[in-house]
$ cat start.pdb   # PDB, C-alpha atoms
ATOM      1  CA  GLY A  19     129.693  57.932  75.596
ATOM      2  CA  GLU A  20     127.616  55.757  77.910
ATOM      3  CA  ARG A  21     125.420  58.675  78.956
ATOM      4  CA  TRP A  22     124.658  60.073  75.512
ATOM      5  CA  GLY A  23     124.982  56.836  73.569
ATOM      6  CA  ARG A  24     121.941  55.546  75.429
ATOM      7  CA  TYR A  25     119.755  58.106  73.660
ATOM      8  CA  TRP A  26     120.864  56.907  70.227
ATOM      9  CA  MET A  27     120.466  53.262  71.238
ATOM     10  CA  ASP A  28     116.855  54.002  72.145
ATOM     11  CA  VAL A  29     116.354  55.508  68.674
ATOM     12  CA  ALA A  30     118.141  52.517  67.104
ATOM     13  CA  ARG A  31     115.830  50.129  69.099
ATOM     14  CA  TYR A  32     118.897  48.482  70.660
ATOM     15  CA  ALA A  33     118.081  45.247  72.462
ATOM     16  CA  GLU A  34     119.878  42.014  73.206
ATOM     17  CA  SER A  35     117.038  39.789  72.048
ATOM     18  CA  THR A  36     114.450  39.578  69.268
ATOM     19  CA  GLY A  37     111.283  40.008  71.287
ATOM     20  CA  MET A  38     108.069  39.055  69.458
ATOM     21  CA  GLU A  39     106.447  35.600  69.789
ATOM     22  CA  ARG A  40     109.700  33.724  70.458
ATOM     23  CA  ASN A  41     112.329  35.743  72.280
ATOM     24  CA  TYR A  42     115.825  34.726  71.137
ATOM     25  CA  ALA A  43     119.039  36.292  72.409
ATOM     26  CA  TYR A  44     121.379  38.416  70.304
ATOM     27  CA  PRO A  45     124.627  37.344  72.025
ATOM     28  CA  HIS A  46     126.785  39.653  69.894
ATOM     29  CA  ALA A  47     124.649  42.792  70.211
ATOM     30  CA  TRP A  48     127.159  44.264  72.659
ATOM     31  CA  ARG A  49     129.582  45.001  69.817
ATOM     32  CA  TYR A  50     127.141  47.497  68.321
ATOM     33  CA  ARG A  51     126.554  49.024  71.754
ATOM     34  CA  ASP A  52     130.310  49.495  72.204
ATOM     35  CA  TYR A  53     130.535  51.024  68.715
ATOM     36  CA  VAL A  54     127.923  53.637  69.665
ATOM     37  CA  VAL A  55     129.624  54.444  72.984
ATOM     38  CA  ALA A  56     133.028  54.757  71.297
ATOM     39  CA  SER A  57     131.584  56.981  68.538
ATOM     40  CA  PHE A  58     130.258  59.464  71.093
ATOM     41  CA  ASN A  59     133.514  59.391  73.043
ATOM     42  CA  GLN A  60     135.437  60.102  69.815
ATOM     43  CA  ASP A  61     133.021  62.919  68.903
ATOM     44  CA  LYS A  62     132.504  61.244  65.550
ATOM     45  CA  PRO A  63     130.807  63.566  62.986
ATOM     46  CA  TYR A  64     127.096  62.778  62.722
ATOM     47  CA  ASP A  65     127.141  62.303  58.946
ATOM     48  CA  LEU A  66     129.878  59.663  59.254
ATOM     49  CA  PHE A  67     128.032  58.075  62.188
ATOM     50  CA  VAL A  68     124.931  57.604  60.018
ATOM     51  CA  LYS A  69     126.821  56.435  56.918
ATOM     52  CA  GLU A  70     128.647  53.734  58.849
ATOM     53  CA  GLN A  71     125.439  52.318  60.292
ATOM     54  CA  VAL A  72     123.563  52.252  56.992
ATOM     55  CA  ALA A  73     126.409  51.189  54.699
ATOM     56  CA  GLY A  74     129.618  50.677  56.662
ATOM     57  CA  ASP A  75     130.279  47.368  54.908
ATOM     58  CA  LEU A  76     130.315  49.153  51.530
ATOM     59  CA  MET A  77     132.550  52.069  52.534
ATOM     60  CA  THR A  78     136.227  52.234  51.618
ATOM     61  CA  SER A  79     138.306  51.896  54.805
ATOM     62  CA  ARG A  80     141.925  52.864  55.334
ATOM     63  CA  ASP A  81     142.777  49.831  57.478
ATOM     64  CA  GLU A  82     141.447  46.550  58.882
ATOM     65  CA  ARG A  83     140.477  48.108  62.205
ATOM     66  CA  THR A  84     138.281  50.747  60.551
ATOM     67  CA  ALA A  85     136.708  48.165  58.239
ATOM     68  CA  ARG A  86     135.853  45.973  61.238
ATOM     69  CA  GLU A  87     134.379  48.923  63.127
ATOM     70  CA  ARG A  88     132.187  49.871  60.165
ATOM     71  CA  LEU A  89     130.980  46.314  59.717
ATOM     72  CA  VAL A  90     129.965  46.240  63.388
ATOM     73  CA  ALA A  91     128.153  49.570  62.836
ATOM     74  CA  THR A  92     125.759  47.898  60.386
ATOM     75  CA  GLY A  93     124.349  46.005  63.354
ATOM     76  CA  PHE A  94     121.975  48.985  63.291
ATOM     77  CA  LEU A  95     120.129  47.219  60.452
ATOM     78  CA  ALA A  96     120.503  43.677  61.809
ATOM     79  CA  MET A  97     118.860  44.228  65.181
ATOM     80  CA  GLY A  98     115.251  44.893  65.944
ATOM     81  CA  PRO A  99     112.220  42.691  66.649
ATOM     82  CA  LYS A 100     111.850  39.633  64.421
ATOM     83  CA  SER A 101     109.044  37.091  64.158
ATOM     84  CA  LEU A 102     111.359  34.100  63.929
ATOM     85  CA  ASN A 103     108.363  31.797  64.274
ATOM     86  CA  GLU A 104     107.054  32.968  60.875
ATOM     87  CA  ARG A 105     106.781  30.024  58.456
ATOM     88  CA  ASN A 106     106.541  32.115  55.294
ATOM     89  CA  LYS A 107     110.070  33.199  54.272
ATOM     90  CA  GLU A 108     108.759  35.869  51.906
ATOM     91  CA  GLN A 109     106.580  37.354  54.647
ATOM     92  CA  PHE A 110     109.501  37.294  57.077
ATOM     93  CA  SER A 111     111.845  38.942  54.576
ATOM     94  CA  MET A 112     109.418  41.770  53.802
ATOM     95  CA  ASP A 113     108.731  42.288  57.523
ATOM     96  CA  VAL A 114     112.474  42.666  58.157
ATOM     97  CA  VAL A 115     112.717  45.150  55.273
ATOM     98  CA  ASP A 116     109.769  47.092  56.687
ATOM     99  CA  GLU A 117     111.423  47.278  60.098
ATOM    100  CA  GLN A 118     114.707  48.462  58.541
ATOM    101  CA  ILE A 119     112.933  51.192  56.566
ATOM    102  CA  ASP A 120     111.088  52.227  59.710
ATOM    103  CA  VAL A 121     114.176  52.553  61.924
ATOM    104  CA  ALA A 122     116.309  54.213  59.243
ATOM    105  CA  THR A 123     113.696  56.888  58.492
ATOM    106  CA  ARG A 124     112.582  57.481  62.068
ATOM    107  CA  ALA A 125     116.170  57.810  63.247
ATOM    108  CA  THR A 126     117.263  60.290  60.576
ATOM    109  CA  LEU A 127     114.087  62.068  59.430
ATOM    110  CA  GLY A 128     111.862  61.967  62.486
ATOM    111  CA  LEU A 129     109.039  60.321  60.546
ATOM    112  CA  SER A 130     108.182  56.811  59.472
ATOM    113  CA  VAL A 131     108.101  55.811  55.828
ATOM    114  CA  SER A 132     106.829  52.335  56.702
ATOM    115  CA  CYS A 133     103.243  53.647  56.813
ATOM    116  CA  ALA A 134     103.372  53.602  52.993
ATOM    117  CA  ARG A 135     103.826  49.812  52.819
ATOM    118  CA  CYS A 136     100.145  49.249  52.075
ATOM    119  CA  HIS A 137      98.965  52.662  50.805
ATOM    120  CA  ASP A 138     100.175  56.200  50.193
ATOM    121  CA  HIS A 139     101.120  57.917  53.451
ATOM    122  CA  LYS A 140      98.028  59.607  54.831
ATOM    123  CA  PHE A 141      99.704  62.704  56.237
ATOM    124  CA  ASP A 142     103.091  63.071  54.550
ATOM    125  CA  PRO A 143     103.996  63.224  50.838
ATOM    126  CA  ILE A 144     105.291  59.639  50.717
ATOM    127  CA  PRO A 145     103.645  57.444  48.093
ATOM    128  CA  THR A 146     103.735  53.656  48.123
ATOM    129  CA  GLU A 147     106.169  53.749  45.176
ATOM    130  CA  ASP A 148     108.718  55.558  47.370
ATOM    131  CA  TYR A 149     108.402  52.856  50.015
ATOM    132  CA  TYR A 150     109.173  50.113  47.480
ATOM    133  CA  ALA A 151     112.023  52.157  46.005
ATOM    134  CA  LEU A 152     113.614  51.929  49.450
ATOM    135  CA  ALA A 153     112.438  48.338  49.897
ATOM    136  CA  GLY A 154     114.481  47.316  46.852
ATOM    137  CA  ILE A 155     117.598  48.667  48.558
ATOM    138  CA  PHE A 156     117.012  46.794  51.797
ATOM    139  CA  ARG A 157     115.633  43.704  50.068
ATOM    140  CA  SER A 158     119.015  43.471  48.299
ATOM    141  CA  THR A 159     120.676  43.347  51.722
ATOM    142  CA  ARG A 160     121.119  40.238  53.875
ATOM    143  CA  PRO A 161     120.942  40.663  57.665
ATOM    144  CA  TYR A 162     123.229  38.590  59.891
ATOM    145  CA  TYR A 163     121.718  38.465  63.372
ATOM    146  CA  GLY A 164     122.993  35.111  64.601
ATOM    147  CA  THR A 165     120.053  33.179  66.033
ATOM    148  CA  LYS A 166     120.353  29.413  65.614
ATOM    149  CA  GLY A 167     117.494  27.264  64.332
ATOM    150  CA  GLY A 168     115.247  25.015  66.375
ATOM    151  CA  GLY A 169     112.751  25.605  69.156
ATOM    152  CA  GLY A 170     110.388  27.615  66.971
ATOM    153  CA  ASN A 171     113.130  29.615  65.253
ATOM    154  CA  ARG A 172     112.247  28.990  61.616
ATOM    155  CA  GLN A 173     114.257  31.947  60.314
ATOM    156  CA  ALA A 174     117.772  31.332  61.600
ATOM    157  CA  ALA A 175     120.689  33.498  60.477
ATOM    158  CA  ALA A 176     124.467  33.418  60.679
ATOM    159  CA  LEU A 177     126.862  36.062  62.001
ATOM    160  CA  LEU A 178     129.616  37.985  60.213
ATOM    161  CA  PRO A 179     133.200  36.900  60.901
ATOM    162  CA  ILE A 180     135.385  39.892  61.779
ATOM    163  CA  GLY A 181     139.038  40.541  62.425
ATOM    164  CA  GLU A 182     142.288  39.792  60.634
ATOM    165  CA  ASN A 183     142.015  36.889  58.165
ATOM    166  CA  ALA A 184     138.454  36.363  59.419
ATOM    167  CA  LYS A 185     137.183  34.618  56.287
ATOM    168  CA  GLU A 186     140.171  32.277  56.106
ATOM    169  CA  ARG A 187     139.875  31.404  59.807
ATOM    170  CA  GLN A 188     136.152  30.785  59.431
ATOM    171  CA  ALA A 189     136.829  28.539  56.413
ATOM    172  CA  GLU A 190     139.252  26.509  58.551
ATOM    173  CA  VAL A 191     136.581  26.089  61.228
ATOM    174  CA  VAL A 192     133.983  24.983  58.652
ATOM    175  CA  ALA A 193     136.430  22.505  57.086
ATOM    176  CA  HIS A 194     137.258  21.124  60.537
ATOM    177  CA  GLN A 195     133.575  20.730  61.397
ATOM    178  CA  LYS A 196     132.925  18.897  58.127
ATOM    179  CA  GLU A 197     135.809  16.518  58.758
ATOM    180  CA  VAL A 198     134.592  15.776  62.294
ATOM    181  CA  ALA A 199     131.043  15.222  61.028
ATOM    182  CA  GLY A 200     132.277  12.879  58.275
ATOM    183  CA  ILE A 201     134.335  10.745  60.641
ATOM    184  CA  ASN A 202     131.428  10.651  63.100
ATOM    185  CA  ARG A 203     129.179   9.243  60.382
ATOM    186  CA  GLU A 204     131.753   6.606  59.444
ATOM    187  CA  LEU A 205     132.271   5.723  63.113
ATOM    188  CA  LYS A 206     128.549   5.146  63.673
ATOM    189  CA  GLN A 207     128.380   2.965  60.558
ATOM    190  CA  ALA A 208     131.372   0.897  61.737
ATOM    191  CA  GLN A 209     129.840   0.526  65.209
ATOM    192  CA  LYS A 210     126.574  -0.620  63.665
ATOM    193  CA  ARG A 211     128.374  -3.171  61.470
ATOM    194  CA  LEU A 212     130.194  -4.459  64.527
ATOM    195  CA  GLN A 213     126.945  -4.899  66.451
ATOM    196  CA  ASN A 214     125.387  -6.784  63.532
ATOM    197  CA  LEU A 215     128.424  -9.070  63.266
ATOM    198  CA  LYS A 216     128.202  -9.863  66.975
ATOM    199  CA  LYS A 217     124.628 -11.051  66.438
ATOM    200  CA  ALA A 218     125.688 -13.284  63.549
ATOM    201  CA  LYS A 219     126.819 -16.884  63.991
ATOM    202  CA  SER A 220     130.467 -17.374  64.832
ATOM    203  CA  GLY A 221     132.829 -18.336  62.061
ATOM    204  CA  LYS A 222     136.295 -17.655  60.771
ATOM    205  CA  GLY A 223     135.087 -15.045  58.269
ATOM    206  CA  VAL A 224     132.847 -13.309  60.807
ATOM    207  CA  THR A 225     135.601 -13.158  63.398
ATOM    208  CA  ALA A 226     137.985 -11.546  60.896
ATOM    209  CA  LYS A 227     135.391  -8.940  59.915
ATOM    210  CA  MET A 228     134.696  -8.184  63.588
ATOM    211  CA  GLU A 229     138.379  -7.606  64.183
ATOM    212  CA  GLU A 230     138.532  -5.334  61.149
ATOM    213  CA  CYS A 231     135.561  -3.311  62.443
ATOM    214  CA  ARG A 232     137.120  -3.014  65.916
ATOM    215  CA  THR A 233     140.309  -1.653  64.350
ATOM    216  CA  GLN A 234     138.286   0.885  62.319
ATOM    217  CA  VAL A 235     136.338   2.006  65.401
ATOM    218  CA  LYS A 236     139.550   2.385  67.402
ATOM    219  CA  ASP A 237     141.311   4.357  64.640
ATOM    220  CA  MET A 238     138.373   6.685  64.047
ATOM    221  CA  THR A 239     137.856   7.294  67.767
ATOM    222  CA  ALA A 240     141.520   8.265  68.079
ATOM    223  CA  ARG A 241     141.268  10.512  65.019
ATOM    224  CA  LEU A 242     138.212  12.310  66.463
ATOM    225  CA  ALA A 243     140.017  12.852  69.771
ATOM    226  CA  GLN A 244     142.973  14.339  67.886
ATOM    227  CA  LEU A 245     140.746  16.650  65.843
ATOM    228  CA  ARG A 246     138.975  17.900  68.954
ATOM    229  CA  ARG A 247     142.282  18.607  70.672
ATOM    230  CA  ASN A 248     143.489  20.571  67.652
ATOM    231  CA  ARG A 249     140.326  22.557  66.934
ATOM    232  CA  PRO A 250     141.252  25.684  64.901
ATOM    233  CA  LEU A 251     140.795  29.042  66.571
ATOM    234  CA  GLY A 252     137.951  30.718  64.736
ATOM    235  CA  PRO A 253     137.389  34.458  64.198
ATOM    236  CA  SER A 254     135.302  36.827  66.273
ATOM    237  CA  PHE A 255     131.753  37.513  65.111
ATOM    238  CA  ALA A 256     129.374  40.447  64.879
ATOM    239  CA  MET A 257     125.839  41.275  63.844
ATOM    240  CA  GLY A 258     125.559  43.278  60.652
ATOM    241  CA  VAL A 259     124.487  43.274  57.021
ATOM    242  CA  GLN A 260     125.996  42.682  53.608
ATOM    243  CA  ASP A 261     124.775  42.996  50.040
ATOM    244  CA  LEU A 262     123.220  40.019  48.322
ATOM    245  CA  PRO A 263     125.154  38.827  45.251
ATOM    246  CA  ASN A 264     122.330  39.786  42.867
ATOM    247  CA  PRO A 265     120.678  43.063  43.955
ATOM    248  CA  ALA A 266     117.310  43.742  42.383
ATOM    249  CA  ASP A 267     114.396  46.156  42.409
ATOM    250  CA  CYS A 268     111.356  45.280  44.491
ATOM    251  CA  GLN A 269     107.827  44.793  43.209
ATOM    252  CA  VAL A 270     105.006  46.648  44.916
ATOM    253  CA  ARG A 271     103.067  44.392  47.274
ATOM    254  CA  LEU A 272      99.476  45.442  46.695
ATOM    255  CA  ARG A 273      97.887  46.492  49.979
ATOM    256  CA  GLY A 274     101.025  45.104  51.637
ATOM    257  CA  ASP A 275     100.128  41.504  50.752
ATOM    258  CA  VAL A 276     103.328  39.593  49.932
ATOM    259  CA  ASN A 277     101.426  37.383  47.490
ATOM    260  CA  GLU A 278      99.891  40.222  45.474
ATOM    261  CA  ARG A 279     102.533  41.701  43.169
ATOM    262  CA  GLY A 280     102.465  44.978  41.299
ATOM    263  CA  PRO A 281     105.112  46.666  39.130
ATOM    264  CA  ALA A 282     108.796  46.669  40.092
ATOM    265  CA  ILE A 283     109.946  50.065  41.366
ATOM    266  CA  PRO A 284     113.514  51.178  40.578
ATOM    267  CA  ARG A 285     115.617  51.473  43.719
ATOM    268  CA  GLY A 286     115.787  55.066  44.837
ATOM    269  CA  TYR A 287     115.051  57.673  47.486
ATOM    270  CA  LEU A 288     112.151  59.766  48.744
ATOM    271  CA  THR A 289     110.819  61.988  45.985
ATOM    272  CA  ALA A 290     109.696  64.560  48.583
ATOM    273  CA  LEU A 291     113.333  65.139  49.555
ATOM    274  CA  PRO A 292     115.185  65.691  46.290
ATOM    275  CA  VAL A 293     118.975  65.947  46.527
ATOM    276  CA  PRO A 294     120.284  67.330  43.216
ATOM    277  CA  ALA A 295     123.775  65.894  43.646
ATOM    278  CA  ALA A 296     122.620  62.456  44.862
ATOM    279  CA  PRO A 297     124.038  59.646  42.701
ATOM    280  CA  PRO A 298     121.558  56.960  41.632
ATOM    281  CA  PRO A 299     121.908  53.563  43.346
ATOM    282  CA  ASP A 300     124.772  51.463  42.005
ATOM    283  CA  PRO A 301     123.131  48.733  39.847
ATOM    284  CA  ASP A 302     125.778  46.249  41.043
ATOM    285  CA  GLN A 303     125.128  46.986  44.729
ATOM    286  CA  SER A 304     122.065  47.300  46.913
ATOM    287  CA  GLY A 305     122.164  51.099  46.825
ATOM    288  CA  ARG A 306     122.672  51.480  50.592
ATOM    289  CA  LEU A 307     125.924  53.388  50.117
ATOM    290  CA  GLN A 308     124.285  55.991  47.874
ATOM    291  CA  LEU A 309     121.301  56.130  50.251
ATOM    292  CA  ALA A 310     123.649  56.745  53.185
ATOM    293  CA  GLN A 311     125.449  59.497  51.288
TER     294      GLN A 311
END
$ encode --input "start.pdb" --output "structure tokens"
Amino acid sequence: GERWGRYWMDVARYAESTGMERNYAYPHAWRYRDYVVASFNQDKPYDLFVKEQVAGDLMTSRDERTARERLVATGFLAMGPKSLNERNKEQFSMDVVDEQIDVATRATLGLSVSCARCHDHKFDPIPTEDYYALAGIFRSTRPYYGTKGGGGNRQAAALLPIGENAKERQAEVVAHQKEVAGINRELKQAQKRLQNLKKAKSGKGVTAKMEECRTQVKDMTARLAQLRRNRPLGPSFAMGVQDLPNPADCQVRLRGDVNERGPAIPRGYLTALPVPAAPPPDPDQSGRLQLAQ
């Protein structure tokens, strides 16, 4: 698996960082690497191998373990170089889509469809409309690559919680973090009130208020210490993708310019490779599952 998986990881542009102008780490990339190694060791059928990486999150799984494995497989679409320093969100989104189209077509067809982003492919029968038919599928997909904001990273993203009761455990973590943040805010306000009272002239009323503030500070400090001792155990995380709640077709970007819009192209496949039995994209999903099939 390690020997032969390396060849696929080269095709899948596996890396543990984003590259580009600002190089940010992908600390959970190793899960996808292990998925590839395990797939080769299991002699997984190639068609299933491809389906899981393009649409594993949309496949029906027999158990939690398989569902988790297939979600990790979609790291195939979450990796790759990303210009996280890009200020324009629309430009960034379309660049990610372009990179996903490029890797998916190169890996499975041996040619790039991304050349048709700005014009009809010069050497292969791939018109611009075909590119944006695929772009609608990937544009309706959200990548989770897990780079935090700050330090030039203007396009931060979360990770996908995985494992048993992952969503519930993640919700507990979020609720805990909100409670800690709320008490921290109240604590700072109480400390500020106490400092202001100390600067005020002494008096019976002031002294009573100072004592009240001291009690509040003490209680909140103790509460924070208790919360930190009893921090909930969160889920594991992975890179991957999931459908957006409202999938939609993509408009042609004239000459590839994100600000120049043409007609919307129905989500679909390459017209040069007709598959008679291929189902059309599900209007309630991105269409990745049908594309994978």
$ resolve_selection --input "start.pdb" --expression "the PyMOL selection byres ((chain A and resi 159) around 7)" --output "compact mmCIF listing (two decimals) with C-alpha atoms, keeping the file's coordinate frame"
# COMPACT_ATOMS: atom_id res chain seq x y z
CA ILE A 155 117.60 48.67 48.56
CA PHE A 156 117.01 46.79 51.80
CA ARG A 157 115.63 43.70 50.07
CA SER A 158 119.02 43.47 48.30
CA ARG A 160 121.12 40.24 53.88
CA PRO A 161 120.94 40.66 57.66
CA VAL A 259 124.49 43.27 57.02
CA GLN A 260 126.00 42.68 53.61
CA ASP A 261 124.78 43.00 50.04
CA LEU A 262 123.22 40.02 48.32
CA SER A 304 122.06 47.30 46.91
$ atom_distance --input "start.pdb" --atom1 "CA of Gln71 (chain A)" --atom2 "CA of Tyr150 (chain A)"
20.8 Å
$ atom_distance --input "start.pdb" --atom1 "CA of Asp148 (chain A)" --atom2 "CA of Arg306 (chain A)"
14.9 Å
$ residues_around --input "start.pdb" --residues "Gly274 (chain A)" --least-positions-apart "3" --cutoff "7 Å" --atoms "only C-alpha atoms" --output "MDAnalysis selection string"
chainID A and resid 135:136 271
$ residues_around --input "start.pdb" --residues "Gly305 (chain A)" --least-positions-apart "6" --cutoff "8 Å" --atoms "all atoms listed in the file" --output "ChimeraX atom specification"
/A:155,285-286,298-299
$ residues_around --input "start.pdb" --residues "Ala189 (chain A)" --least-positions-apart "6" --cutoff "12 Å" --atoms "only C-alpha atoms" --output "PyMOL selection string"
chain A and resi 179+183+195-196+250-253
$ build_atoms --input "start.pdb" --residues "region 154-170 of chain A" --atoms "N, CA, C and O atoms" --output "CSV table (one decimal), in the coordinates of the input"
chain,number,residue,atom,x,y,z
A,154,GLY,N,113.6,48.0,47.7
A,154,GLY,CA,114.5,47.3,46.9
A,154,GLY,C,115.9,47.4,47.4
A,154,GLY,O,116.7,46.4,47.2
A,155,ILE,N,116.3,48.5,48.0
A,155,ILE,CA,117.6,48.7,48.6
A,155,ILE,C,117.8,47.7,49.7
A,155,ILE,O,118.8,47.0,49.8
A,156,PHE,N,116.8,47.6,50.6
A,156,PHE,CA,117.0,46.8,51.8
A,156,PHE,C,116.7,45.3,51.5
A,156,PHE,O,117.3,44.4,52.1
A,157,ARG,N,115.9,45.1,50.5
A,157,ARG,CA,115.6,43.7,50.1
A,157,ARG,C,116.9,43.1,49.4
A,157,ARG,O,117.0,41.9,49.4
A,158,SER,N,117.8,43.9,48.9
A,158,SER,CA,119.0,43.5,48.3
A,158,SER,C,120.1,43.3,49.3
A,158,SER,O,121.3,43.2,49.0
A,159,THR,N,119.7,43.4,50.6
A,159,THR,CA,120.7,43.3,51.7
A,159,THR,C,120.3,42.2,52.6
A,159,THR,O,119.2,41.9,52.9
A,160,ARG,N,121.4,41.4,53.0
A,160,ARG,CA,121.1,40.2,53.9
A,160,ARG,C,121.5,40.6,55.3
A,160,ARG,O,122.6,41.0,55.6
A,161,PRO,N,120.6,40.4,56.3
A,161,PRO,CA,120.9,40.7,57.7
A,161,PRO,C,121.6,39.4,58.3
A,161,PRO,O,121.2,38.3,58.1
A,162,TYR,N,122.6,39.7,59.1
A,162,TYR,CA,123.2,38.6,59.9
A,162,TYR,C,123.0,38.9,61.4
A,162,TYR,O,123.6,39.8,61.9
A,163,TYR,N,122.1,38.2,62.0
A,163,TYR,CA,121.7,38.5,63.4
A,163,TYR,C,122.1,37.3,64.3
A,163,TYR,O,122.0,37.5,65.5
A,164,GLY,N,122.4,36.1,63.8
A,164,GLY,CA,123.0,35.1,64.6
A,164,GLY,C,122.1,34.4,65.6
A,164,GLY,O,122.5,34.0,66.7
A,165,THR,N,120.9,34.1,65.2
A,165,THR,CA,120.1,33.2,66.0
A,165,THR,C,120.0,31.8,65.4
A,165,THR,O,119.7,31.7,64.2
A,166,LYS,N,120.3,30.8,66.1
A,166,LYS,CA,120.4,29.4,65.6
A,166,LYS,C,118.9,28.9,65.4
A,166,LYS,O,118.0,29.3,66.1
A,167,GLY,N,118.8,27.9,64.6
A,167,GLY,CA,117.5,27.3,64.3
A,167,GLY,C,117.0,26.4,65.5
A,167,GLY,O,117.8,26.1,66.4
A,168,GLY,N,115.8,25.9,65.4
A,168,GLY,CA,115.2,25.0,66.4
A,168,GLY,C,114.4,25.8,67.4
A,168,GLY,O,114.6,27.0,67.6
A,169,GLY,N,113.5,25.0,68.1
A,169,GLY,CA,112.8,25.6,69.2
A,169,GLY,C,111.8,26.7,68.7
A,169,GLY,O,111.6,27.7,69.4
A,170,GLY,N,111.3,26.6,67.5
A,170,GLY,CA,110.4,27.6,67.0
A,170,GLY,C,111.1,28.7,66.2
A,170,GLY,O,110.4,29.6,65.6
